[in-house]
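A.B. asks: Just dropping this structure here.
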Amino acid sequence: MDLLTGLNLQQQQAVIAGLGPVLILAGPGSGKTRVLTHRIAYLISHMGVSPYHILAVTFTNKAARVMENRVAELLGDASRGVTLGTFHAICARILRREADALPFNANFVIYDADDQLKLVRQAVNDLDLDPKQHQPARIHAAISNAKNELLLPDQVPINNYRDEAMRRVYQRYQSLLLDNNGLDFDDLLLYTVFLLDNHPSVREKYARRYEHVLVDEFQDTNLAQYTLLKHLASFHRNIFVVGDADQSIYRWRGADYRNVLRFEDDYPQTQKILLEQNYRSTQAILDAAMAIIDHNPQRTPKRLFTERGQGQKAVVFEAFDDRAEAGFVIDTISVLVARQQLQPGAFAVMYRTNAQSRVLEEAFLKANLPYKLVGAQRFYGRREIKDLISYLRLVHNPRDEISLERAIHAPKRGIGDKTLLELRRHAKQVSLSPGELLLELGSNSTSAQREYFKGRSLTALEQFGGLLYRWQILKQDYNPQDLLDRILDDIDYHSYIDDGSDEGRDRWDNVMELRRLAAERKDQSLELFLEGIALVSDQDTVEENANAPTLLTLHAAKGLEFPVVFIVGLNDGTLPHSRSFDDPEEMQEERRLLYVGITRAEERLYLVFAQNRAAYGMNEPAQPSRFLEDLPQDLLANSQPKRSQKQAPEHKAAAFRWPSDTQRSGKSELQQKFHPGMRVNHPIWNEGMVLNSRLQDDDEIVDIFFEDVGLKRVAASLANLQIKP
DNA sequence: AGTCATTCCTTTTTT
DNA sequence: AGGAATGACT
């Protein structure tokens with residue numbers, strides 16, 4: 001089989017690169033996944049490397065799955081056995097295997113962001129710190145940063161009292177995690193690095209095994225991940241990394257694109273290969289992307305080129321507010337689907353913050369159009385799902401107090417705060433975890449522990465403990481779905497959650513969805529099922545089958561591509577986000593974020609901003625994104641929006657004006673009033689949307705798609721068109 | 001013990 | 001505007 005046909009010269013070089021460190025700098029759409037998969041196939045089929053000796057690391061399960069499937073397409077069964085997964089999943093696997101050398105058990109649970117915050121809150125409480133002054137969320141972020149930098153509590157730099165407090169919380173938080181036999185996301189990396197640091201024999205075992213280490217999205221690695229890779233590749237030093245500094249958008253998570261430079265320092269004999277040809281987008285889209293990213297200082301300029309032709313210019317659309325943005329998106333999609341045989345699934349709508357999805361969703365619902373929302377948190381964060389997962393977790397790891405507390409209250413079973421406190425207190429005295437004590441009470445009706453609890457609370461505790469005990473026994477030979485069914489039945493969760501209201505029905509539907517997910521992985525152990533749930537990424541929830549537009553954050557869009565891309569909310573304060581204003585590094589990252597969004601588009605690109613934007617429920621005038629100024633006029637299909645000058649607050653109302661108003665109030669020369677996407681009203685043909693408009697012979701010629709009568713061409717001076725907000 | 005009201009906080013982005 | 005944590009009330 002020829003693994004090189006269809007690849008360009010640079011791609012071929014990358015695939016057949018010799019031993020040693022290899023660095024692939026891959027622009028967007030340059031076929032890096034192809035290079036990675038073909039490289040793996042090449043190593044196996046041409047270099048005689050056993051799949052067992054190959055490790056490929058990605059950031060999302062989806063990316064891992066795609067690679068796995070593509071390698072399997074190339075090689076069939078011969079590809080079986082490659083270690084392929086996300087950083088976090090691979091670390092979890094190692095930690096379970098090596099748990100004997102670690103301060104926790106192999107059946108640890110992985111806490112999600114919610115649980116982590118709860119634990120930080122508890123730590124702050126335990127230390128008698130004022131949560132107003134030491135905000136748990138901030139401390140949690142600081143702890144996460146420290147962990148990503150491989151800093152233990154006693155290594156955290158201390159400059160002031162706040163740092164001191166954070167250090168103490170960090171310390172306490174870690175011991176709480178261990179009490180619960182739980183790890184947070186960062187721990188997975190941190191403990192693995194320390195394991196490999198401190199146990200040379202373990203390190204050597206893995207380093208010898210992995211003759212070849214391949215890494216996707218290398219620019220997103222943080223210090224912990226970088227160090228981990230270094231350890232894993234320390235014996236054979238065949239490390240093949242693919243990345244693009246311009247697409248580095250996870251700085252806040254500790255990612256450091258400078259790892260690309262560090263790589264060349266750490267591995268002086270690195271072979272470096274540039275992939276610049278783009279196979280995804282039209283030149284017009286690439287030009288817009290380059291116009292944006294070229295404003296970032298200190299980067300190696302790249303010339304992205306394509307053979308896909310010039311294509312259509314990007315459209316900039318100015319909407320009244322975020323609802324009008326959504327209206328524009330929906331109208332444009334409707335028209336393009338109606339007119340041009342573009343599938344609904346060809347569209348993606350991207351935004352900076354999750355909160356922006358709400359308005360879009362409402363608009364889609366109101367228009368009765370299906371859509372796909374990307375985001376795992378949306379599902380797994382729901383109360384009913386968290387409830388049930390906490391039961392499963394508790395069965396798997398009775399030391400998990402966070403889950404115990406949740407499960408014991410859902411549904412209510414006569415165990416209140418007081419009883420729970422008693423349970424905790426006494427558990428501590430007999431050095432058990434509350435869960436373990438509960439199991440003892442539930443399984444042994446003559447237990448000596450009984451006498452420490454009285455009457456009603458004892459009965460309630462025994463009852464719940466009994467349930468827990470039975471589930472523990474059942475889990476031996478039940479699969480996750482059967483266990484879930486049993487729990488649902490035992491606690492009569494249906495009648496608890498579904499009160500007959502719409503919301504209740506909805507919640508029960510979600511429970512059934514969870515059940516379906518469990519059924520999908522029938523042959524998985526409870527442990528792996530829970531791990532899979534803890535480590536789902538937003539991207540993993542991208543649905544490929546449903547033919548509907550995709551709604552997703554710019555972050556979640558990385559690695560994906562769509563024929564038509566809308567980027568909405570292109571306002572200062574949203575993109576770039578206001579939290580980035582005072583830090584040049586962060587502003588550069590905001591710019592990269594826009595770059596990532598633009599380069600997702602294959603054929604058409606719509607850049608949408610609003611004159612007014614809601615913040616905390618209040619609608620306020622907003623400025624177009626400063627990034628829009630960096631797009632030269634000739635790259636755009638319509639005229640460039642102007643940022644209004646800095647205004648005194650009392651003049652802010654000017655920003656509400658439509659372009660047509662500004663015109664009337666002064667300028668003599670004719671300006672284009674209508675832009676693609678605008679909704680207009682015609683005295684006879686009623687409502688329609690502008691598809692195209694141009695100036696001609698002292699008039700404006702506008703193509704409009706009317707809902708009632710279809711496509712019409714009119715002269716603006718005669719048609720008496722009203723622009724609709 | 002459990003329900004209801006009030007307050008306060010949130011909004012970056014995610015494994 | 002909406003959700004969560006806290007606290008008063010039944």
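Chain identifiers are assigned as A, B, and so on, following the order in which chains appear in the structure tokens; residues are numbered from 1 within each chain, and ligands are numbered from 1 in order of appearance.
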I need the chain C residues near chain A as a ChimeraX atom specification; criterion: at most 12 Å, counting only C-alpha atoms (C1' of nucleotides).

C.D. replies: /C:1-2,4-5

A.B. asks: For those residues, write N, CA and C atoms (P, O5', C5', C4', C3', O3' and C1' of nucleotides) to a file as a PDB file, in the first residue's frame.

C.D. replies:
ATOM      1  P    DA C   1     -35.580  40.864  32.693  1.00  0.00           P
ATOM      2  O5'  DA C   1     -34.675  39.859  31.797  1.00  0.00           O
ATOM      3  C5'  DA C   1     -33.296  39.901  32.049  1.00  0.00           C
ATOM      4  C4'  DA C   1     -32.790  38.490  32.066  1.00  0.00           C
ATOM      5  C3'  DA C   1     -33.659  37.511  32.875  1.00  0.00           C
ATOM      6  O3'  DA C   1     -33.557  36.226  32.273  1.00  0.00           O
ATOM      7  C1'  DA C   1     -31.568  37.753  33.917  1.00  0.00           C
ATOM      8  P    DG C   2     -34.475  35.061  32.745  1.00  0.00           P
ATOM      9  O5'  DG C   2     -33.411  34.163  33.503  1.00  0.00           O
ATOM     10  C5'  DG C   2     -32.325  33.600  32.795  1.00  0.00           C
ATOM     11  C4'  DG C   2     -31.394  32.995  33.809  1.00  0.00           C
ATOM     12  C3'  DG C   2     -32.080  32.010  34.759  1.00  0.00           C
ATOM     13  O3'  DG C   2     -31.314  30.821  34.802  1.00  0.00           O
ATOM     14  C1'  DG C   2     -30.878  33.620  35.977  1.00  0.00           C
ATOM     15  P    DA C   4     -27.964  26.326  39.583  1.00  0.00           P
ATOM     16  O5'  DA C   4     -27.090  26.716  40.848  1.00  0.00           O
ATOM     17  C5'  DA C   4     -25.866  27.437  40.668  1.00  0.00           C
ATOM     18  C4'  DA C   4     -25.470  28.076  41.975  1.00  0.00           C
ATOM     19  C3'  DA C   4     -25.661  27.171  43.193  1.00  0.00           C
ATOM     20  O3'  DA C   4     -24.583  27.368  44.082  1.00  0.00           O
ATOM     21  C1'  DA C   4     -26.881  29.149  43.500  1.00  0.00           C
ATOM     22  P    DA C   5     -24.198  26.241  45.119  1.00  0.00           P
ATOM     23  O5'  DA C   5     -24.095  27.081  46.470  1.00  0.00           O
ATOM     24  C5'  DA C   5     -23.269  28.246  46.505  1.00  0.00           C
ATOM     25  C4'  DA C   5     -23.731  29.155  47.619  1.00  0.00           C
ATOM     26  C3'  DA C   5     -23.930  28.451  48.969  1.00  0.00           C
ATOM     27  O3'  DA C   5     -23.334  29.229  49.995  1.00  0.00           O
ATOM     28  C1'  DA C   5     -25.905  29.619  48.353  1.00  0.00           C
TER      29       DA C   5
END

A.B. asks: Just list the residues in segment 195-296 of chain A DSSP gives strand (DSSP E or B) on the backbone, as a list in words.

C.D. replies: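 Checking each residue of segment 195-296 of chain A, the strand (DSSP E or B) ones are His212, Val213, Leu214, Val215, Ile239, Phe240, Val241, Val242, Gly243, Gln271, Lys272, Ile273, Leu274, Leu275, Gln277 and Asn278 of chain A.
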
A.B. asks: Include all heavy atoms and write out the residues we just selected as a CSV table (one decimal), in the first residue's frame.

C.D. replies:
chain,number,residue,atom,x,y,z
A,212,HIS,N,7.9,5.3,19.8
A,212,HIS,CA,7.5,6.6,19.1
A,212,HIS,C,6.3,7.3,19.9
A,212,HIS,O,5.4,6.6,20.2
A,212,HIS,CB,7.0,6.2,17.7
A,212,HIS,CG,8.1,5.8,16.8
A,212,HIS,ND1,8.8,6.7,16.0
A,212,HIS,CD2,8.7,4.6,16.6
A,212,HIS,CE1,9.8,6.0,15.4
A,212,HIS,NE2,9.7,4.7,15.7
A,213,VAL,N,6.6,8.5,20.1
A,213,VAL,CA,5.5,9.4,20.7
A,213,VAL,C,5.1,10.4,19.8
A,213,VAL,O,5.9,11.2,19.2
A,213,VAL,CB,6.1,10.0,22.0
A,213,VAL,CG1,5.0,10.9,22.6
A,213,VAL,CG2,6.5,8.9,23.0
A,214,LEU,N,3.8,10.5,19.5
A,214,LEU,CA,3.3,11.5,18.6
A,214,LEU,C,2.3,12.4,19.3
A,214,LEU,O,1.5,11.9,20.1
A,214,LEU,CB,2.6,10.9,17.4
A,214,LEU,CG,3.5,9.9,16.5
A,214,LEU,CD1,3.4,8.5,17.0
A,214,LEU,CD2,3.1,10.1,15.0
A,215,VAL,N,2.3,13.7,19.0
A,215,VAL,CA,1.5,14.6,19.7
A,215,VAL,C,0.8,15.6,18.8
A,215,VAL,O,1.4,16.2,17.9
A,215,VAL,CB,2.3,15.5,20.7
A,215,VAL,CG1,1.4,16.3,21.6
A,215,VAL,CG2,3.3,14.6,21.5
A,239,ILE,N,10.2,11.7,19.2
A,239,ILE,CA,9.0,12.4,19.5
A,239,ILE,C,8.7,13.3,18.3
A,239,ILE,O,9.5,14.1,17.8
A,239,ILE,CB,9.2,13.2,20.8
A,239,ILE,CG1,8.0,14.0,21.1
A,239,ILE,CG2,10.5,14.0,20.8
A,239,ILE,CD1,7.9,14.5,22.6
A,240,PHE,N,7.4,13.2,17.9
A,240,PHE,CA,6.9,13.8,16.7
A,240,PHE,C,5.8,14.7,17.1
A,240,PHE,O,4.7,14.2,17.5
A,240,PHE,CB,6.5,12.6,15.8
A,240,PHE,CG,6.0,13.0,14.4
A,240,PHE,CD1,6.8,12.9,13.3
A,240,PHE,CD2,4.7,13.4,14.2
A,240,PHE,CE1,6.4,13.2,12.0
A,240,PHE,CE2,4.3,13.7,12.9
A,240,PHE,CZ,5.1,13.6,11.8
A,241,VAL,N,6.0,16.0,17.0
A,241,VAL,CA,4.9,16.9,17.5
A,241,VAL,C,4.4,17.8,16.4
A,241,VAL,O,5.2,18.2,15.5
A,241,VAL,CB,5.4,17.7,18.7
A,241,VAL,CG1,5.9,16.9,19.8
A,241,VAL,CG2,6.4,18.8,18.2
A,242,VAL,N,3.1,18.0,16.4
A,242,VAL,CA,2.5,18.8,15.4
A,242,VAL,C,1.8,20.0,16.0
A,242,VAL,O,1.0,19.8,17.0
A,242,VAL,CB,1.4,18.0,14.6
A,242,VAL,CG1,0.8,18.8,13.5
A,242,VAL,CG2,2.1,16.7,14.0
A,243,GLY,N,2.0,21.2,15.5
A,243,GLY,CA,1.3,22.3,16.2
A,243,GLY,C,1.4,23.6,15.3
A,243,GLY,O,2.0,23.6,14.3
A,271,GLN,N,14.2,17.9,13.4
A,271,GLN,CA,13.8,18.2,12.0
A,271,GLN,C,12.6,19.0,12.0
A,271,GLN,O,11.6,18.6,12.7
A,271,GLN,CB,13.6,16.9,11.3
A,271,GLN,CG,14.6,15.8,11.4
A,271,GLN,CD,14.2,14.5,10.8
A,271,GLN,OE1,13.9,14.4,9.6
A,271,GLN,NE2,14.0,13.5,11.7
A,272,LYS,N,12.6,20.1,11.2
A,272,LYS,CA,11.4,21.0,11.2
A,272,LYS,C,10.8,21.0,9.9
A,272,LYS,O,11.5,21.1,8.9
A,272,LYS,CB,11.9,22.4,11.6
A,272,LYS,CG,10.8,23.3,12.0
A,272,LYS,CD,11.3,24.4,13.0
A,272,LYS,CE,11.6,25.6,12.2
A,272,LYS,NZ,12.1,26.7,13.0
A,273,ILE,N,9.5,20.8,9.8
A,273,ILE,CA,8.8,20.8,8.5
A,273,ILE,C,7.6,21.7,8.6
A,273,ILE,O,6.8,21.7,9.6
A,273,ILE,CB,8.4,19.4,8.1
A,273,ILE,CG1,9.6,18.5,8.0
A,273,ILE,CG2,7.5,19.4,6.9
A,273,ILE,CD1,9.3,17.0,7.9
A,274,LEU,N,7.5,22.6,7.6
A,274,LEU,CA,6.4,23.5,7.5
A,274,LEU,C,5.3,23.0,6.6
A,274,LEU,O,5.6,22.6,5.4
A,274,LEU,CB,6.9,24.9,7.0
A,274,LEU,CG,7.0,26.0,8.0
A,274,LEU,CD1,8.2,25.7,8.9
A,274,LEU,CD2,7.2,27.3,7.3
A,275,LEU,N,4.0,23.0,7.0
A,275,LEU,CA,2.9,22.7,6.1
A,275,LEU,C,2.1,24.0,5.9
A,275,LEU,O,1.5,24.5,6.9
A,275,LEU,CB,2.0,21.7,6.7
A,275,LEU,CG,2.6,20.3,7.2
A,275,LEU,CD1,1.6,19.4,7.7
A,275,LEU,CD2,3.3,19.7,6.0
A,277,GLN,N,0.3,24.7,2.7
A,277,GLN,CA,-0.8,24.6,1.8
A,277,GLN,C,-2.1,24.3,2.5
A,277,GLN,O,-2.1,23.3,3.3
A,277,GLN,CB,-0.5,23.6,0.7
A,277,GLN,CG,-1.7,23.6,-0.3
A,277,GLN,CD,-1.4,22.9,-1.6
A,277,GLN,OE1,-0.3,22.5,-1.8
A,277,GLN,NE2,-2.4,22.9,-2.5
A,278,ASN,N,-3.1,25.0,2.2
A,278,ASN,CA,-4.4,24.9,2.9
A,278,ASN,C,-5.3,24.1,1.9
A,278,ASN,O,-5.4,24.5,0.8
A,278,ASN,CB,-4.9,26.2,3.3
A,278,ASN,CG,-6.3,26.2,3.9
A,278,ASN,OD1,-7.3,25.8,3.3
A,278,ASN,ND2,-6.3,26.5,5.2

A.B. asks: Provide as a ChimeraX atom specification the residues of chain A at most 10 Å from chain B, counting only C-alpha atoms (C1' of nucleotides).

C.D. replies: /A:59-60,86-89,112-113,184-186,249-253,352-356,375,377,412-418,534-538,553-556,574-580,590,593,615-616

A.B. asks: Give me the residues within 8 Å of Ile389 of chain A as an mmCIF file with all heavy atoms, in the first residue's frame, counting only C-alpha atoms (C1' of nucleotides) and dropping any in the same chain fewer than 4 places off.

C.D. replies:
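Output file out-v2.cif is given in full below:
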data_model
loop_
_atom_site.group_PDB
_atom_site.id
_atom_site.type_symbol
_atom_site.label_atom_id
_atom_site.label_comp_id
_atom_site.auth_asym_id
_atom_site.auth_seq_id
_atom_site.Cartn_x
_atom_site.Cartn_y
_atom_site.Cartn_z
ATOM 1 N N ILE A 385 -28.636 14.493 36.092
ATOM 2 C CA ILE A 385 -27.514 13.670 35.655
ATOM 3 C C ILE A 385 -26.460 13.597 36.754
ATOM 4 O O ILE A 385 -25.928 12.526 37.074
ATOM 5 C CB ILE A 385 -26.893 14.251 34.361
ATOM 6 C CG1 ILE A 385 -27.955 14.335 33.263
ATOM 7 C CG2 ILE A 385 -25.721 13.420 33.907
ATOM 8 C CD1 ILE A 385 -28.645 13.029 32.953
ATOM 9 N N ARG A 393 -20.832 6.840 41.261
ATOM 10 C CA ARG A 393 -19.512 7.103 41.814
ATOM 11 C C ARG A 393 -19.384 6.567 43.225
ATOM 12 O O ARG A 393 -18.366 6.024 43.614
ATOM 13 C CB ARG A 393 -19.308 8.612 41.882
ATOM 14 C CG ARG A 393 -18.770 9.240 40.652
ATOM 15 C CD ARG A 393 -18.291 10.549 41.142
ATOM 16 N NE ARG A 393 -18.060 11.526 40.121
ATOM 17 C CZ ARG A 393 -18.039 12.826 40.392
ATOM 18 N NH1 ARG A 393 -18.308 13.249 41.617
ATOM 19 N NH2 ARG A 393 -17.768 13.677 39.465
ATOM 20 N N LEU A 530 -17.363 5.770 34.242
ATOM 21 C CA LEU A 530 -17.282 7.010 35.003
ATOM 22 C C LEU A 530 -16.141 7.887 34.506
ATOM 23 O O LEU A 530 -16.272 9.106 34.412
ATOM 24 C CB LEU A 530 -17.096 6.702 36.491
ATOM 25 C CG LEU A 530 -18.331 6.132 37.186
ATOM 26 C CD1 LEU A 530 -17.993 5.669 38.599
ATOM 27 C CD2 LEU A 530 -19.456 7.153 37.218
#

A.B. asks: Can you measure atom CA of Arg694 of chain A to atom CA of Ala715 of chain A for me? One decimal in Å is fine.

C.D. replies: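 Straight-line distance from atom CA of Arg694 of chain A to atom CA of Ala715 of chain A works out to 10.0 Å.
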
A.B. asks: If you run DSSP on the backbone here, which positions in segment 270-375 of chain A get alpha helix (DSSP H)? Please write them as an NGL selection string.

C.D. replies: :A and (283-293 or 322-340 or 357-366)

A.B. asks: If I take atom CA of Val596 of chain A and atom CA of Val337 of chain A, how far is one from the other in Å, to one decimal?

C.D. replies: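 These atoms are spaced 25.1 Å apart.
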
A.B. asks: Quick one, how far is atom CA of Pro136 of chain A from atom CA of Phe529 of chain A?

C.D. replies: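 Here the two named atoms are 29.4 Å from each other.
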